[in-house]
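A.B. asks: Here it is: the structure, laid out below.
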Amino acid sequence: MENLIALLVAAPLLGAAVLLCGGRRLDRTGHWLGTLLAAASFVIGAVLFADMLGKGAEERALHQRLFSWVPVEGFQADIAFQLDQLSMTFVLLITGVGTLIHIYSIGYMEHDERRRRFFGYLNLFLAAMLLLVLADNYLLLYMGWEGVGLASYLLIGFWQHKPSAATAAKKAFLVNRVGDMGLSIAIMLMFTTFGTFAFGPVLESTSDTSEGMLTAIGLMLLLAACGKSAQVPLQSWLGDAMEGPTPVSALIHAATMVTAGVYLIVRSGAIFNAAPDAQLAVVIVGAVTLLFGAIVGCAKDDIKKALAGSTMSQIGYMILAAGLGPIGYAFAIMHLVTHGFFKAGLFLGAGSVMHGMNDEVDMRKYGGLRTYMPITFVTFGLGYLAIIGFPGLSGFWSKDKIIEAAFAYDDGIRGWIFGGVALLGAGITAFYMTRVMILTFFGEKRWQPAPDPDRTASVEPGVDVTPGEMPHPHESPRSMTIPMIVLAFGSVFAGGLFSLNEAFVTWLEPVTQFEHPHPVISVPAITASTVVVLLIGVAIAWVMYGRRPVPVTAPRGSLLTRAARRDLLQDDFNHVVLVRGGEHLTRSLVYVDHTLVDGVVNGTAASFGGLSGRLRKLQNGYARSYAVSMFGGTAILIAATLLMRGV
Amino acid sequence: MSATAVHSLWTTAAEVEPFGRIPTPHIEYAQLAPALIVVGAAVLGILVEAFVPRRARYHTQVFLAVVALTAAFAAVVGLAAGGYATTEAQIAAMGAIAVDGPALFLQGTILLASLVAVFTFAERRLDPAAHGNRIDSFAAESAAVPGSDHEKAAVKAGFTTTEVFPLALFAVTGMLVFPAANDLLTLFIALEVFSLPLYLLCAVARRKRLMSQEAAVKYFLLGAFSSAFLLFGIALVYGYAGSVSYARIADVVEGSVRTIDPALADTMGNDALLLIGGAMILVGLLFKVGAVPFHMWTPDVYQGAPTPVTGFMAAATKVAAFGALLRLLYVVLPGLTWDWRPVMWAVAIVTMLGGAIVAITQTDIKRLLAYSSIAHAGFILAGVIAATPEGISSVLFYLLVYSFVTIGAFAVVTLVRDAGGEATHLSKWAGLGRRSPLVAAVFAVFLLSFAGIPLTSGFAGKFAVFKAAADGGAAALVVVGVISSAIAAFFYIRVIVLMFFSEPKPEGPTVAVPSPLTMTAIGVGVAVTLVLGLAPQYFLDLASQAGVFVR
């Protein structure tokens with residue numbers, strides 16, 4: 001069985017290689033090949049899953065070693081895979097949701113002449129992500145990590161002719177580099193501390209390592225997770241990444257990329273368990289981000305950016321849970337999976353809406369779409385109910401558990417703070433998601449004529465849009481709706497299934513350990529207050545957007561609203577602190593380079609040049625001078641020889 | 001020495017060895033075949049000049065030269081395969097010639113370099129045909145006064161100086177014997193045999209004839225001057241050792257010979273004679289390799305000589321002269337290592353630095369390459385100074401590397417032309433990379449190799465000599481060598497920058513499309529540069545197998 005593990009990665013990798021190297025011959029069939037290989041990977045994953053279920057809990061982890069990758073004395077790393085319950089969960093999520101997104105893209109990218117390349121990149125994304133979660137050592141994980149970064153860069157900037165897309169891709173790549181530095185430093189620290197990269201030895205020997213070193217490694221891992229999972233302070237790339245085609249957003253937000261940080265922290269749980277300070281940092285980052293993302297999500301009029309803020313917030317929940325230690329790991333992953341379903345569904349729904357609305361993304365120009373796109377409405381609506389944590393749906397089960405665990409952080413003030421933040425986040429989530437729902441599907445039609453493509457960059461290519469034409473909203477083709485329906489099922493039932501007899505927690509326990517949380521207030525009280533907060537959020541949104549007409553152009557809004565529209569000034573902050581600071585640093589370095597370094601270099605060059613100019617005057621062209629030089633040289637040579645002997 | 005003593009010397013010499021008792025020389029023709037083949041072909045070439053009709057001379061001479069050089073190279077390979085480079089190494093021709101590893105390796109290098117050089121000699125397509133005759137780099141009639149009616153008539157008649165081929169062959173003969181010479185007289189004769197044809201060859205440029213003749217005269221005068229030093233040094237050393245044979249001198253130096261020739265009783269064993277004589281012989285050889293301060297002829301002669309001759313001279317002469325220098329220092333004077341090493345240290349340092357520094361301000365590509373060759377002589381001297389077997393093999397390898405790069409580089413110089421012939425002023429090379437990317441790229445490869453950039457043969461060679469020098473206890477010399485390399489890299493790279501990153505001038509030179517002959521020369525140069533840069537190990541092994549002198 002373990003020999004199948006490599007095939008999980010190999011199938012999409014093969015697809016990427018064939019599609020990217022195959023040339024135009026594959027233009028007609030390439031997307032089918034890509035989808036087929038993604039599905040093949042899913043099938044293999046399902047087979048392995050079935051096999052795993054048939055075994056006892058402690059014997060489920062599989063290992064496959066392909067070959068020695070870095071066979072250097074004292075520096076060994078293998079191309080080797082490890083498939084345990086945690087990896088298995090990710091494999092199913094990545095390949096399952098990934099395959100659905102592949103199918104959806106067949107319809108969505110139908111008019112794009114570079115569709116084959118798109119599918120190649122999608123396959124590459126899956127392969128890199130699978131490598132990341134299947135690696136059995138940190139060095140190989142790093143390879144997958146970087147592969148994910150590359151694939152996301154290629155896909156976010158897929159419409160590279162749009163300057164905004166090219167910039168967004170670059171931004172995502174650069175911000176991720178900061179996180180990647182964290183991971184590489186963490187790996188270096190691990191190597192110096194443990195002498196190896198493999199998960200097993202590293203994670204088992206945390207007890208005999210100093211806490212200071214573990215804290216350092218933990219903080220570096222957290223930095224890495226912040227980059228990939230778009231957590232404060234490295235969150236700024238996520239909103240701009242919406243420049244990519246919508247299936248890419250779904251893939252990044254649901255199945256790959258942003259989940260990598262959560263995986264990294266949960267996988268390295270042993271390190272964090274032994275480093276409480278690093279753990280506290282993780283919790284703080286998660287708490288801050290979940291509020292940050294939620295507030296941003298409230299102010300955005302662009303449907304995809306509102307959903308992006310939502311993702312940031314939901315990943316914040318997961319990071320928060322992952323920082324809680326054994327009481328939170330399983331819930332972090334559970335929320336990750338349920339979020340994978342409903343967020344993918346929401347993004348695909350958003351794409352479907354845009355598809356019908358001339359690629360308009362401004363929700364203020366939607367309205368009343370529920371009758372025009374019934375399937376999209378229903379699937380999106382179920383995703384909406386799931387994400388706000390409507391009792392009984394997936395999000396309820398997973399988010400409620402995280403809120404409980406947050407209240408259980410400790411018996412004192414911190415438990416109240418983190419629990420309160422998580423609870424507040426749930427309320428804000430209900431508010432902004434209701435807002436999205438109302439603006440898009442309810443109220444009167446606020447449709448606008450199609451914009452002039454020359455004046456806006458948001459029109460996706462390959463779509464025939466006549467400027468000035470009113471949109472004709474319609475339901476999307478079946479290749480797009482079927483994945484949405486499948487995901488809607490997941491959004492509704494997954495959470496409940498996972499919570500039956502604590503099935504999910506029991507499943508993950510051998511990898512992540514588990515302790516029952518003991519919140520500062522009783523569990524029923526938390527559940528009740530979650531529902532209350534949720535209802536309050538929905539009610540406020542209804543009052544603000546359902547009862548009053550929605551203006552097509554956004555009102556000026558309060559100071560907070562304006563700041564939130566600008567992503568809470570994250571780019572301004574980065575610009576002032578990092579870009580300006582960087583510019584000043586560069587300028588001063590350039591100054592030093594020009595005056596000092598170049599001064600020394602040029603001075604040396606000039607002095608040699610001057611010496612050269614003087615010496616060449618000796619070469620005056622007269623044979624007699626040359627002869628004198630030879631004679632003098634001979635005299636010196638003889639004299640020196642004699643002197644050496646002291647004759 | 002008094003007059004009576006001289007008289008008695010004569011009479012005793014006559015009494016001790018009457019003419020009748022001079023033994024018949026025993027000559028191992030097979031072992032001497034390389035030099036004999038080439039000199040035979042040279043003599044034949046003279047006969048061709050005398051008897052073959054003018055029209056057919058060019059082809060006959062080229063054919064003869066190529067066949068002779070190829071055959072001689074085959075003979076060298078045959079001797080090496082016969083073990084003469086290693087186990088069978090021996091002294092031939094009554095002690096006059098050594099047949100051993102270094103000699104065969106250097107002879108092989110000289111022959112290959114000469115073969116490639118002969119291709120550039122034979123090039124006749126660079127200039128448009130004048131009066132219906134193809135013309136080469138050499139004067140129509142070198143005896144004609146430049147600018148005279150006589151000269152014009154010769155040009156119009158389509159005369160060519162096909163004598164360059166036999167002259168080159170004579171020079172090659174001398175070069176083949178020079179590193180193999182095993183006594184001082186043979187050394188001197190070989191020196192003259194290759195020097196005299198070179199003086200002539202320098203004088204026969206077709207363009208800028210006055211400059212060419214001036215170069216030849218300077219070269220001749222200074223060459224004669226240095227030969228005088230060499231000869232005087234030989235005399236002094238004979239006075240010290242009572243013999244001109246390398247082995248015998250070495251024995252006397254080491255003190256293993258006690259018998260004193262009665263005729264030389266006053267001088268034998270006088271160390272001052274040895275040191276002064278040895279230093280003077282060194283001067284003669286350092287002049288040929290172009291070491292500072294005996295280098296001053298180099299830029300003038302390299303610039304004035306016809307460019308194919310410059311390439312031939314720069315490559316083959318250097319190989320031969322360094323070969324002779326190695327043999328002298330390693331076979332004759334090993335007992336004096338502690339005397340010659342400090343002096344040679346100083347010479348190597350001033351040569352490396354002097355060549356590199358003065359090259360910076362050069363504006364003529366041929367002069368630039370001349371100073372570059374001076375700096376390279378310094379680098380090679382660093383390997384010579386190592387005084388270890390690795391030193392020998394690294395020098396052998398460097399010479400192989402250097403000779404092909406040099407011929408290739410000068411061959412490229414012949415291609416870049418304007419109305420006045422070769423456009424050697426550097427300003428005219430500006431933007432060459434835009435107009436002729438291939439030629440500029442090839443030249444850049446040679447320059448990078450000169451600069452010793454990795455993946456070119458120059459790097460492998462420089463690494464070998466510096467490593468040998470460092471292992472031989474001359475680490476300080478290596479430091480100076482690396483600094484000089486850095487200085488030298490400046491002017492090599494500057495030419496590359498000039499070719500690729502400057503705007504081409506409106507009336508810039510054109511790049512001639514050469515015949516396959518020059519293309520072969522350049523192609524071989526590039527191939528050797530890259531092969532020895534990427535996979536030098538086989539040739540390094542070859543050089544280290546060949547690195548033992550017979551005594």
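Letters A, B, ... go to the chains of the structure tokens in the order shown; residues in each chain start at 1; ligands are counted from 1 in the same order.
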Taking 2 positions as the minimum chain separation for residues in the same chain, which residues sit within 9 Å of region 161-167 of chain B when counting only C-alpha atoms? Answer as a PyMOL selection string.

C.D. replies: chain B and resi 39+41-46+49+57-58+61-62+64-65+118+121-122+136+138-142+159+169-172+194+196-198+200-201+204

A.B. asks: I'd like the neighbourhood of region 469-479 of chain A as number ranges by chain, where a residue qualifies if any of its atoms comes within 9 Å (using only C-alpha atoms), though same-chain residues fewer than 6 positions away should be ignored.

C.D. replies: A: 103-108, 352-358, 369, 372-376, 447-451

A.B. asks: Can you list, as a PyMOL selection string, all residues belonging to region 20-247 of chain B that DSSP tags as alpha helix (DSSP H)?

C.D. replies: chain B and resi 33-51+54-81+101-121+149-157+164-177+184-202+209-241+246-247

A.B. asks: For chain A, report every residue with an atom at most 12 Å from chain B (counting only C-alpha atoms), formatted as an MDAnalysis selection string.

C.D. replies: chainID A and resid 601:602 604:647

A.B. asks: CA of Phe197 (chain A) and CA of Met220 (chain A), how far apart in Å?

C.D. replies: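 Between CA of Met220 (chain A) and CA of Phe197 (chain A) the gap is 15.3 Å.
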
A.B. asks: Measure the distance from CA of Thr561 (chain A) to CA of Leu336 (chain A) in Å and round it to one decimal.

C.D. replies: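 These two atoms are separated by 28.6 Å.
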
A.B. asks: Given the choices B:Gly481, B:Pro454, B:Gly83, B:Pro437, which gets closest to Thr529 (chain B) if the distance is worked out from only C-alpha atoms?

C.D. replies: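 Under the stated criterion, the closest residue is B:Pro454.
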
A.B. asks: I'd like the contact shell of Met312 (chain A) - 7 Å cut-off, only C-alpha atoms, skipping same-chain residues fewer than 6 positions apart - returned as a list in words.

C.D. replies: Ala230, Gln231, Thr289, Leu290 and Gly293 of chain A

A.B. asks: Using only C-alpha atoms, please write the residues we just selected to a file, as a compact mmCIF listing (two decimals), in the first residue's frame.

C.D. replies:
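Saved file selection33.txt follows:
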```
# COMPACT_ATOMS: atom_id res chain seq x y z
CA ALA A 230 -1.97 35.21 5.22
CA GLN A 231 -1.87 35.99 8.90
CA THR A 289 -6.06 38.02 12.28
CA LEU A 290 -9.53 36.68 12.85
CA GLY A 293 -10.00 39.70 8.38
```

A.B. asks: Using DSSP on the backbone coordinates, identify all residues within region 263-429 of chain B classified as strand (DSSP E); present the result as a PyMOL selection string.

C.D. replies: chain B and resi 416-418+421-422

A.B. asks: I need the chosen residues saved as a PDB file, in the first residue's frame, with N, CA and C atoms.

C.D. replies:
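Dumped to part03.pdb:
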```pdb
ATOM      1  N   VAL B 416      39.386  41.560 -38.220  1.00  0.00           N
ATOM      2  CA  VAL B 416      38.725  42.859 -38.054  1.00  0.00           C
ATOM      3  C   VAL B 416      39.520  43.892 -38.851  1.00  0.00           C
ATOM      4  N   ARG B 417      38.946  44.349 -39.954  1.00  0.00           N
ATOM      5  CA  ARG B 417      39.743  45.130 -40.904  1.00  0.00           C
ATOM      6  C   ARG B 417      39.017  46.387 -41.321  1.00  0.00           C
ATOM      7  N   ASP B 418      39.815  47.379 -41.699  1.00  0.00           N
ATOM      8  CA  ASP B 418      39.246  48.532 -42.387  1.00  0.00           C
ATOM      9  C   ASP B 418      40.118  48.825 -43.598  1.00  0.00           C
ATOM     10  N   GLY B 421      43.902  47.901 -43.694  1.00  0.00           N
ATOM     11  CA  GLY B 421      44.287  46.570 -43.245  1.00  0.00           C
ATOM     12  C   GLY B 421      43.617  46.268 -41.926  1.00  0.00           C
ATOM     13  N   GLU B 422      44.376  45.633 -41.017  1.00  0.00           N
ATOM     14  CA  GLU B 422      43.766  45.286 -39.743  1.00  0.00           C
ATOM     15  C   GLU B 422      43.481  46.554 -38.940  1.00  0.00           C
TER      16      GLU B 422
END
```

A.B. asks: I'd like the neighbourhood of region 267-274 of chain A as a PDB file with N, CA, C and O atoms, in the first residue's frame, where a residue qualifies if any of its atoms comes within 7 Å (using only C-alpha atoms), though same-chain residues fewer than 6 positions away should be ignored.

C.D. replies:
```pdb
ATOM      1  N   LEU A 203      10.699  15.651  16.199  1.00  0.00           N
ATOM      2  CA  LEU A 203       9.557  15.877  17.079  1.00  0.00           C
ATOM      3  C   LEU A 203       9.615  15.028  18.339  1.00  0.00           C
ATOM      4  O   LEU A 203       8.996  15.347  19.348  1.00  0.00           O
ATOM      5  N   THR A 206      12.121  16.698  21.430  1.00  0.00           N
ATOM      6  CA  THR A 206      11.937  18.049  21.942  1.00  0.00           C
ATOM      7  C   THR A 206      12.134  18.128  23.445  1.00  0.00           C
ATOM      8  O   THR A 206      12.447  19.178  23.971  1.00  0.00           O
ATOM      9  N   GLU A 211      14.346  25.207  26.019  1.00  0.00           N
ATOM     10  CA  GLU A 211      13.102  25.847  25.637  1.00  0.00           C
ATOM     11  C   GLU A 211      13.363  27.064  24.762  1.00  0.00           C
ATOM     12  O   GLU A 211      12.593  27.376  23.861  1.00  0.00           O
ATOM     13  N   LEU A 214      13.676  25.966  21.252  1.00  0.00           N
ATOM     14  CA  LEU A 214      12.378  25.550  20.721  1.00  0.00           C
ATOM     15  C   LEU A 214      11.494  26.765  20.463  1.00  0.00           C
ATOM     16  O   LEU A 214      10.757  26.815  19.470  1.00  0.00           O
ATOM     17  N   GLY A 218       9.968  27.710  17.013  1.00  0.00           N
ATOM     18  CA  GLY A 218       8.519  27.897  16.937  1.00  0.00           C
ATOM     19  C   GLY A 218       8.166  29.238  16.327  1.00  0.00           C
ATOM     20  O   GLY A 218       7.283  29.321  15.466  1.00  0.00           O
ATOM     21  N   GLY A 325      -2.714  24.219  21.529  1.00  0.00           N
ATOM     22  CA  GLY A 325      -2.105  22.958  21.916  1.00  0.00           C
ATOM     23  C   GLY A 325      -3.062  21.809  21.712  1.00  0.00           C
ATOM     24  O   GLY A 325      -3.997  21.898  20.898  1.00  0.00           O
TER      25      GLY A 325
END
```

A.B. asks: Within 10 Å of Leu307 (chain A), counting only C-alpha atoms, which residues show up once you throw out same-chain ones fewer than 6 positions away? Write them as an NGL selection string, please.

C.D. replies: :A and (239 or 242 or 249-250 or 253 or 293-294 or 296-298 or 300 or 313 or 343 or 346-347 or 350 or 432-433 or 436)

A.B. asks: Between B:Thr109, B:Phe450, B:Gly472, B:Leu415, single out the one closest to Ala386 (chain B), counting only C-alpha atoms.

C.D. replies: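 Ranked by minimum distance to Ala386 (chain B), first place goes to B:Gly472.
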
A.B. asks: Could you pull the residues within 6 Å of Ile303 (chain A), counting only C-alpha atoms, minus those fewer than 3 positions along the same chain, as an NGL selection string?

C.D. replies: :A and (306 or 361 or 363)

A.B. asks: Would you mind exporting the chosen residues as a compact mmCIF listing (two decimals), in the first residue's frame, restricted to N, CA and C atoms?

C.D. replies:
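Everything below was put into part.txt:
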```txt
# COMPACT_ATOMS: atom_id res chain seq x y z
N ALA A 306 -14.36 40.48 -0.32
CA ALA A 306 -15.08 40.22 0.92
C ALA A 306 -14.84 38.78 1.36
N VAL A 361 -17.61 42.54 -10.34
CA VAL A 361 -17.31 42.01 -9.01
C VAL A 361 -17.90 42.87 -7.91
N MET A 363 -20.45 44.12 -5.54
CA MET A 363 -21.74 43.61 -5.08
C MET A 363 -22.82 44.68 -5.10
```

A.B. asks: One decimal, Å: what's the distance from CA of Gly182 (chain A) over to CA of Ala224 (chain A), could you say?

C.D. replies: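 Pair CA of Gly182 (chain A) / CA of Ala224 (chain A) returns 5.0 Å.
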
A.B. asks: Pick out the residues sitting within 8 Å of Trp145 (chain A), and hand them over as a list in words; count only C-alpha atoms, and ignore anything fewer than 2 positions along from it in its own chain.

C.D. replies: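 My reading of the contact set: Ala128, Met129, Leu132, Leu141, Tyr142, Met143, Gly147, Val148, Gly149 and Ala260 of chain A.
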
A.B. asks: Taking into account only C-alpha atoms, which residue in the set A:Val202, A:Leu154, A:Met213, A:Val248 is nearest to Leu189 (chain A)?

C.D. replies: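 Of all the options, A:Met213 lies closest to Leu189 (chain A).
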